[in-house]
file start-v7.tsv (TSV, C-alpha atoms)
chain	number	residue	atom	x	y	z
A	19	GLU	CA	78.46	97.88	107.23
A	20	PRO	CA	79.31	95.39	104.44
A	21	PRO	CA	80.58	91.98	105.56
A	22	THR	CA	84.33	91.50	105.83
A	23	PRO	CA	85.58	89.98	102.57
A	24	PRO	CA	86.94	86.44	102.80
A	25	PRO	CA	90.71	85.96	102.69
A	26	PRO	CA	92.26	85.34	99.27
A	27	GLU	CA	92.83	81.79	98.06
A	28	SER	CA	96.58	82.21	98.59
A	29	VAL	CA	95.80	82.30	102.32
A	30	THR	CA	93.15	79.60	102.60
A	31	ASN	CA	94.82	77.20	100.13
A	32	TYR	CA	98.31	77.50	101.58
A	33	VAL	CA	100.03	74.14	102.10
A	34	GLU	CA	102.97	73.97	104.50
A	35	THR	CA	106.09	72.59	102.84
A	36	ARG	CA	108.81	73.97	105.09
A	37	LYS	CA	110.76	71.46	107.14
A	38	ARG	CA	110.23	70.86	110.85
A	39	TYR	CA	106.69	72.19	111.04
A	40	PRO	CA	103.97	69.88	112.45
A	41	GLU	CA	102.61	69.22	108.95
A	42	THR	CA	106.01	68.13	107.58
A	43	LEU	CA	107.69	66.30	110.48
A	44	THR	CA	109.52	63.09	109.71
A	45	THR	CA	108.92	60.04	111.89
A	46	GLN	CA	112.11	60.78	113.82
A	47	GLU	CA	111.19	64.45	114.29
A	48	ARG	CA	107.74	63.44	115.53
A	49	GLN	CA	109.43	61.25	118.13
A	50	VAL	CA	111.57	64.22	119.18
A	51	LEU	CA	108.44	66.35	119.56
A	52	ASP	CA	106.76	63.65	121.66
A	53	GLU	CA	109.79	63.42	123.94
A	54	PHE	CA	109.86	67.21	124.25
A	55	LYS	CA	106.20	67.24	125.28
A	56	ARG	CA	106.77	64.46	127.81
A	57	ARG	CA	109.64	66.34	129.47
A	58	LEU	CA	107.73	69.62	129.45
A	59	ARG	CA	104.70	68.02	131.10
A	60	ALA	CA	106.94	66.51	133.77
A	61	GLU	CA	108.06	70.03	134.71
A	62	GLY	CA	104.66	71.66	134.26
A	63	LEU	CA	105.85	73.79	131.35
A	64	HIS	CA	103.89	74.58	128.16
A	65	THR	CA	101.25	72.02	129.11
A	66	GLU	CA	98.65	73.76	126.94
A	67	SER	CA	100.88	74.70	124.00
A	68	THR	CA	100.08	73.38	120.54
A	69	ASP	CA	102.48	71.39	118.39
A	70	HIS	CA	103.03	74.50	116.28
A	71	GLU	CA	104.18	76.43	119.35
A	72	LEU	CA	106.45	73.65	120.56
A	73	CYS	CA	108.02	73.24	117.12
A	74	ARG	CA	109.05	76.89	117.26
A	75	TRP	CA	111.22	76.15	120.30
A	76	LEU	CA	112.59	72.95	118.80
A	77	ARG	CA	113.47	74.62	115.50
A	78	ALA	CA	115.31	77.33	117.40
A	79	ARG	CA	117.58	74.62	118.83
A	80	SER	CA	117.83	72.38	115.76
A	81	PHE	CA	115.41	69.84	117.26
A	82	ASP	CA	117.80	69.09	120.12
A	83	VAL	CA	115.51	68.30	123.07
A	84	ASP	CA	118.10	69.02	125.75
A	85	LYS	CA	118.90	72.45	124.30
A	86	ALA	CA	115.22	73.24	123.73
A	87	MET	CA	114.42	72.28	127.33
A	88	THR	CA	117.15	74.58	128.62
A	89	MET	CA	115.77	77.38	126.46
A	90	VAL	CA	112.21	76.92	127.74
A	91	GLN	CA	113.39	76.68	131.36
A	92	ASN	CA	115.38	79.90	131.00
A	93	ASP	CA	112.39	81.57	129.38
A	94	ALA	CA	110.06	80.52	132.20
A	95	LYS	CA	112.48	81.97	134.74
A	96	TRP	CA	112.81	85.20	132.76
A	97	ARG	CA	109.04	85.59	132.36
A	98	ALA	CA	108.58	85.29	136.11
A	99	GLU	CA	111.42	87.67	136.99
A	100	TYR	CA	110.51	90.18	134.27
A	101	ASN	CA	106.83	89.88	135.21
A	102	VAL	CA	105.80	89.70	131.57
A	103	ASP	CA	102.06	89.46	132.26
A	104	ASP	CA	102.22	92.67	134.28
A	105	VAL	CA	104.23	94.42	131.56
A	106	TYR	CA	101.60	93.43	129.02
A	107	ALA	CA	98.74	94.54	131.27
A	108	THR	CA	100.16	97.90	132.34
A	109	PHE	CA	103.03	99.16	130.19
A	110	ALA	CA	102.57	102.18	127.93
A	111	PHE	CA	104.96	104.82	126.63
A	112	SER	CA	104.34	108.27	128.11
A	113	ASN	CA	104.61	109.90	124.66
A	114	PRO	CA	103.78	107.24	122.05
A	115	SER	CA	103.46	109.66	119.12
A	116	ALA	CA	106.98	110.99	119.76
A	117	ILE	CA	108.23	107.40	119.84
A	118	LYS	CA	106.64	106.70	116.48
A	119	HIS	CA	108.02	109.86	114.91
A	120	ALA	CA	111.54	109.06	116.12
A	121	TYR	CA	111.26	105.44	115.01
A	122	PRO	CA	108.31	104.81	112.67
A	123	GLN	CA	107.16	101.20	112.51
A	124	THR	CA	103.82	99.40	112.52
A	125	TYR	CA	101.94	96.27	111.46
A	126	HIS	CA	100.09	96.69	108.19
A	127	LYS	CA	97.75	93.95	106.91
A	128	THR	CA	99.02	90.47	105.92
A	129	ASP	CA	101.13	88.71	103.34
A	130	ARG	CA	99.86	86.21	100.77
A	131	THR	CA	99.99	83.37	103.32
A	132	GLY	CA	98.09	85.30	106.01
A	133	ARG	CA	100.98	86.37	108.24
A	134	PRO	CA	100.93	89.89	109.74
A	135	VAL	CA	103.32	92.28	108.00
A	136	ASN	CA	105.59	94.36	110.20
A	137	ILE	CA	106.88	97.45	108.36
A	138	ASP	CA	109.93	98.88	110.12
A	139	LEU	CA	111.25	102.17	108.74
A	140	VAL	CA	114.58	101.84	110.50
A	141	GLY	CA	116.28	104.12	107.96
A	142	ARG	CA	114.32	106.99	109.52
A	143	LEU	CA	115.42	106.10	113.06
A	144	ASP	CA	116.45	109.16	115.08
A	145	LEU	CA	118.06	107.54	118.11
A	146	LYS	CA	118.88	110.84	119.75
A	147	ALA	CA	115.24	111.95	119.60
A	148	LEU	CA	114.08	108.48	120.62
A	149	LEU	CA	116.15	108.42	123.79
A	150	LYS	CA	114.81	111.82	124.78
A	151	VAL	CA	111.33	110.35	125.18
A	152	ALA	CA	112.11	106.78	126.27
A	153	THR	CA	114.86	105.00	128.16
A	154	GLU	CA	116.51	101.86	126.83
A	155	ASP	CA	114.67	99.86	129.50
A	156	GLU	CA	111.37	101.29	128.25
A	157	MET	CA	112.29	100.42	124.67
A	158	GLU	CA	112.89	96.84	125.77
A	159	LYS	CA	109.55	96.73	127.59
A	160	GLY	CA	107.89	98.17	124.50
A	161	LYS	CA	109.32	95.34	122.42
A	162	VAL	CA	108.16	92.77	124.98
A	163	TRP	CA	104.65	94.31	124.92
A	164	GLU	CA	104.64	94.26	121.12
A	165	MET	CA	105.63	90.59	120.97
A	166	GLU	CA	103.12	89.58	123.63
A	167	HIS	CA	100.37	91.37	121.71
A	168	THR	CA	101.51	89.67	118.53
A	169	LEU	CA	101.43	86.22	120.13
A	170	ARG	CA	98.19	86.73	122.04
A	171	VAL	CA	96.15	88.82	119.59
A	172	LYS	CA	97.59	89.22	116.09
A	173	TYR	CA	98.38	85.57	115.48
A	174	ALA	CA	95.03	84.45	116.90
A	175	ALA	CA	93.12	86.84	114.62
A	176	CYS	CA	95.21	85.93	111.57
A	177	SER	CA	94.75	82.23	112.33
A	178	LYS	CA	91.00	82.64	112.58
A	179	ARG	CA	90.90	84.44	109.24
A	180	ALA	CA	93.15	81.89	107.53
A	181	GLY	CA	91.49	78.84	109.05
A	182	ARG	CA	94.86	77.43	110.13
A	183	VAL	CA	97.66	78.27	112.53
A	184	ILE	CA	99.58	81.49	111.92
A	185	ASN	CA	102.44	82.04	114.37
A	186	GLN	CA	105.03	83.95	112.38
A	187	SER	CA	105.34	87.43	110.87
A	188	PHE	CA	106.59	88.86	107.60
A	189	VAL	CA	108.97	91.74	108.27
A	190	ILE	CA	109.99	94.56	105.92
A	191	LEU	CA	113.01	96.53	107.09
A	192	ASP	CA	113.24	99.71	105.01
A	193	LEU	CA	116.71	101.30	105.08
A	194	ASP	CA	115.77	104.37	103.06
A	195	GLY	CA	117.56	107.24	104.81
A	196	PHE	CA	120.12	105.01	106.53
A	197	SER	CA	123.64	106.32	107.06
A	198	MET	CA	126.70	105.03	108.89
A	199	ARG	CA	126.34	108.01	111.22
A	200	LYS	CA	123.34	106.25	112.73
A	201	TRP	CA	125.25	102.99	113.16
A	202	ASN	CA	127.10	104.03	116.31
A	203	GLY	CA	127.97	102.10	119.45
A	204	ARG	CA	124.76	102.97	121.23
A	205	THR	CA	122.63	101.87	118.29
A	206	GLN	CA	124.50	98.58	118.10
A	207	ALA	CA	124.11	98.02	121.85
A	208	MET	CA	120.35	98.60	121.70
A	209	LEU	CA	120.03	96.35	118.66
A	210	LYS	CA	121.94	93.59	120.42
A	211	ARG	CA	119.72	93.93	123.49
A	212	LEU	CA	116.46	93.74	121.53
A	213	ILE	CA	117.66	90.88	119.32
A	214	GLY	CA	118.61	89.00	122.48
A	215	VAL	CA	115.07	89.33	123.83
A	216	LEU	CA	113.56	88.15	120.55
A	217	SER	CA	115.96	85.24	120.10
A	218	ASP	CA	115.76	83.96	123.66
A	219	HIS	CA	112.06	84.43	124.36
A	220	TYR	CA	110.19	84.70	121.05
A	221	PRO	CA	112.02	82.20	118.84
A	222	GLU	CA	110.96	81.51	115.28
A	223	THR	CA	108.31	84.23	115.21
A	224	MET	CA	109.95	85.86	112.20
A	225	GLY	CA	108.99	83.87	109.16
A	226	THR	CA	110.56	86.09	106.50
A	227	LEU	CA	112.56	89.33	106.57
A	228	PHE	CA	113.10	91.58	103.57
A	229	ILE	CA	115.70	94.31	103.98
A	230	ILE	CA	115.03	96.83	101.22
A	231	ASN	CA	116.66	100.03	99.97
A	232	ALA	CA	119.94	98.74	101.36
A	233	PRO	CA	122.76	101.16	100.49
A	234	ALA	CA	126.23	99.96	99.57
A	235	VAL	CA	127.56	100.83	103.04
A	236	PHE	CA	125.10	98.38	104.57
A	237	ALA	CA	127.45	95.50	103.78
A	238	ALA	CA	129.66	96.56	106.71
A	239	VAL	CA	126.64	96.85	109.01
A	240	TRP	CA	125.30	93.47	107.97
A	241	LYS	CA	128.65	91.84	108.75
A	242	VAL	CA	128.21	92.91	112.39
A	243	ALA	CA	124.46	92.40	112.63
A	244	LYS	CA	124.57	88.92	111.12
A	245	GLY	CA	126.87	87.82	113.92
A	246	LEU	CA	124.14	88.65	116.44
A	247	LEU	CA	121.63	86.37	114.74
A	248	ASP	CA	120.97	82.68	115.00
A	249	PRO	CA	122.11	80.97	111.74
A	250	GLY	CA	118.57	79.73	111.14
A	251	THR	CA	117.23	83.27	111.41
A	252	ALA	CA	119.90	84.65	109.08
A	253	LYS	CA	118.76	82.23	106.37
A	254	LYS	CA	115.30	83.82	106.35
A	255	ILE	CA	116.68	87.24	105.46
A	256	THR	CA	116.77	88.64	101.93
A	257	ILE	CA	118.74	91.83	101.32
A	258	LEU	CA	117.69	93.96	98.35
A	259	GLY	CA	118.55	97.39	97.03
A	260	GLN	CA	115.98	99.58	95.33
A	261	ASN	CA	114.82	96.93	92.85
A	262	TYR	CA	112.76	94.96	95.32
A	263	LYS	CA	109.17	95.36	94.09
A	264	GLU	CA	108.90	92.30	91.87
A	265	GLU	CA	110.20	89.98	94.58
A	266	LEU	CA	108.14	91.67	97.30
A	267	PHE	CA	104.96	91.34	95.20
A	268	GLN	CA	105.48	87.57	95.20
A	269	HIS	CA	104.89	87.64	98.95
A	270	ILE	CA	102.45	90.55	99.42
A	271	ASP	CA	99.52	91.57	97.23
A	272	PRO	CA	100.19	95.06	95.77
A	273	ASP	CA	96.76	96.14	97.04
A	274	ASP	CA	97.97	95.45	100.60
A	275	LEU	CA	101.37	97.07	100.16
A	276	PRO	CA	101.82	100.81	100.90
A	277	ALA	CA	102.22	103.09	97.91
A	278	PHE	CA	105.65	104.31	99.07
A	279	LEU	CA	106.85	100.71	98.75
A	280	GLY	CA	105.46	100.39	95.24
A	281	GLY	CA	102.04	99.02	96.16
A	282	ASN	CA	98.54	100.39	95.63
A	283	ASP	CA	97.53	100.94	99.27
A	284	ALA	CA	97.17	104.65	100.06
A	285	THR	CA	95.87	104.07	103.59
A	286	PHE	CA	99.22	103.27	105.21
A	287	ASP	CA	100.00	105.28	108.32
A	288	PRO	CA	103.00	104.36	110.51
A	289	LEU	CA	101.10	105.66	113.53
A	290	ILE	CA	98.35	103.03	113.38
A	291	GLU	CA	97.94	99.31	112.78
A	292	GLN	CA	95.77	97.62	110.19
A	293	GLY	CA	94.98	93.94	109.98
A	294	PRO	CA	92.52	91.19	110.96
A	295	TRP	CA	93.21	91.93	114.63
A	296	VAL	CA	91.64	95.41	114.27
A	297	ASP	CA	88.04	95.63	113.08
A	298	LYS	CA	87.33	97.64	109.92
A	299	GLU	CA	85.16	100.23	111.68
A	300	THR	CA	87.99	101.04	114.09
A	301	ILE	CA	90.53	101.30	111.27
A	302	ASP	CA	88.29	103.61	109.24
A	303	ALA	CA	87.73	105.86	112.25
A	304	ARG	CA	91.45	106.10	112.91
A	305	LEU	CA	92.29	106.93	109.31
A	306	ARG	CA	89.75	109.75	109.43
A	307	ARG	CA	91.31	111.27	112.55
A	308	ALA	CA	94.53	112.96	111.54
A	309	SER	CA	95.35	113.74	115.17
A	310	TYR	CA	95.21	110.08	116.21
A	311	MET	CA	98.73	108.91	117.03
A	312	PRO	CA	98.66	105.77	119.18
A	313	MET	CA	101.65	103.53	119.76
A	314	VAL	CA	99.66	100.38	119.09
A	315	VAL	CA	96.06	99.30	118.87
A	316	PRO	CA	94.17	99.60	122.17
A	317	ARG	CA	95.07	97.03	124.79
A	318	PRO	CA	92.50	94.19	124.59
A	319	SER	CA	89.86	93.97	127.27
A	320	ALA	CA	89.05	90.96	129.40
A	321	ARG	CA	86.54	89.97	126.74
A	322	GLY	CA	88.99	90.17	123.85
A	323	MET	CA	91.27	87.61	122.26
A	324	GLY	CA	94.24	89.18	123.98
A	325	CYS	CA	93.18	88.07	127.45
A	326	PHE	CA	94.80	84.83	128.59
A	327	GLY	CA	92.28	84.54	131.44
A	328	CYS	CA	89.33	84.05	129.11
A	329	PHE	CA	91.11	81.02	127.64
A	330	GLY	CA	91.91	79.36	130.94
A	331	GLY	CA	95.25	81.11	131.36
A	332	ARG	CA	96.70	79.80	128.10
A	333	ARG	CA	97.24	81.09	124.59
A	334	PRO	CA	94.04	80.45	122.62
A	335	ASP	CA	93.88	77.67	120.07
A	336	PRO	CA	92.87	79.44	116.84
A	337	ALA	CA	90.69	76.48	115.90
A	338	ALA	CA	88.62	77.07	119.04
A	339	ILE	CA	88.00	80.77	118.46

call {"tool": "encode", "arguments": {"input": "start-v7.tsv", "output": "structure tokens"}}
result
Amino acid sequence: EPPTPPPPESVTNYVETRKRYPETLTTQERQVLDEFKRRLRAEGLHTESTDHELCRWLRARSFDVDKAMTMVQNDAKWRAEYNVDDVYATFAFSNPSAIKHAYPQTYHKTDRTGRPVNIDLVGRLDLKALLKVATEDEMEKGKVWEMEHTLRVKYAACSKRAGRVINQSFVILDLDGFSMRKWNGRTQAMLKRLIGVLSDHYPETMGTLFIINAPAVFAAVWKVAKGLLDPGTAKKITILGQNYKEELFQHIDPDDLPAFLGGNDATFDPLIEQGPWVDKETIDARLRRASYMPMVVPRPSARGMGCFGCFGGRRPDPAAI
């Protein structure tokens, strides 16, 4: 087996220039972060979290320590009541292939800065078929599992490959096939529920969102959907029609972008994941097996990066992996 090729220079040479990240904090913002850490330690919360993790929570509340503390406290309560660790350890859809066919989406490789790329073919969503094989509660648990896996496994693997912290994703929302018929009350209610989970408990994990193949009628949908989003999140969203390739290529190498999106990658399959968090041998085996239709990559074992226990009950520091 040939050695895994090194990441491109766009990944290893990336320099953070965005505001309110640990590398770009002003003196005043650094003082805010220090105060946040002091108050968290006093309550026994996020005692092992890195500055990058803590800045996610602060950015979500405009670097207001009081508001960020309330957010973290509410999250800690929710995690205990929801039993997030148990959901991550045990949850699985009873018919994952049917889920994927009704709502195809997966993570496929990384962008030019090393972030995992989430390709969501929401235009092909068949909500009626989806709700025949999963309840809304199960869909929420599936989203929680996905985000926990992303935090615990995907970001750790991408960070190791990049040689620096990766804790955000690049999202492509493909609206090809979308119609207003799909934008009914039940769809809006589910969207609001899932966005609430992401906003309240996984803040600032979306680095960039491209909405492509947006039809003219999407303007009415966006007017409603935008109201559900935090203003900071809305600023990260770019809405494009069918002429999106040139702008998308600025963020993702064409060799890593699926052919149906204008790239050169013919290996894309919405039923599997590809990326640094899945070894090449496993990916190759899956691509050879046409009958393989998992929901996600296999749940990590106690020896894998996804296990909190093997890192002392905390999210691993990529620099220590």

call {"tool": "atom_distance", "arguments": {"input": "start-v7.tsv", "atom1": "CA of Lys244 in chain A", "atom2": "CA of Glu47 in chain A"}}
result
28.1 Å

call {"tool": "closest_residue", "arguments": {"input": "start-v7.tsv", "among": "A:Val102, A:Met198, A:Met224, A:Val235", "to": "Ile184 in chain A", "atoms": "all atoms listed in the file"}}
result
A:Met224

call {"tool": "residues_around", "arguments": {"input": "start-v7.tsv", "residues": "range 116-118 of chain A", "least_positions_apart": "5", "cutoff": "8 Å", "atoms": "only C-alpha atoms", "output": "list in words"}}
result
Phe111, Gln123, Leu148, Val151, Ala152, Pro288, Leu289 and Met313 of chain A

call {"tool": "write_last_selection", "arguments": {"input": "start-v7.tsv", "atoms": "C-alpha atoms", "output": "mmCIF file, in the frame of the given file"}}
result
data_model
loop_
_atom_site.group_PDB
_atom_site.id
_atom_site.type_symbol
_atom_site.label_atom_id
_atom_site.label_comp_id
_atom_site.auth_asym_id
_atom_site.auth_seq_id
_atom_site.Cartn_x
_atom_site.Cartn_y
_atom_site.Cartn_z
ATOM 1 C CA PHE A 111 104.960 104.820 126.630
ATOM 2 C CA GLN A 123 107.160 101.200 112.510
ATOM 3 C CA LEU A 148 114.080 108.480 120.620
ATOM 4 C CA VAL A 151 111.330 110.350 125.180
ATOM 5 C CA ALA A 152 112.110 106.780 126.270
ATOM 6 C CA PRO A 288 103.000 104.360 110.510
ATOM 7 C CA LEU A 289 101.100 105.660 113.530
ATOM 8 C CA MET A 313 101.650 103.530 119.760
#

call {"tool": "residues_around", "arguments": {"input": "start-v7.tsv", "residues": "Val29 in chain A", "least_positions_apart": "3", "cutoff": "10 Å", "atoms": "only C-alpha atoms", "output": "ChimeraX atom specification"}}
result
/A:24-26,32-33,128-133,176,179-182

call {"tool": "atom_distance", "arguments": {"input": "start-v7.tsv", "atom1": "CA of Val50 in chain A", "atom2": "CA of Pro221 in chain A"}}
result
18.0 Å

call {"tool": "closest_residue", "arguments": {"input": "start-v7.tsv", "among": "A:Lys146, A:Ala175, A:Gln292, A:Arg79", "to": "Asp274 in chain A", "atoms": "all atoms listed in the file"}}
result
A:Gln292

call {"tool": "closest_residue", "arguments": {"input": "start-v7.tsv", "among": "A:Thr65, A:Tyr262, A:Ser112, A:Leu143", "to": "Lys200 in chain A", "atoms": "all atoms listed in the file"}}
result
A:Leu143
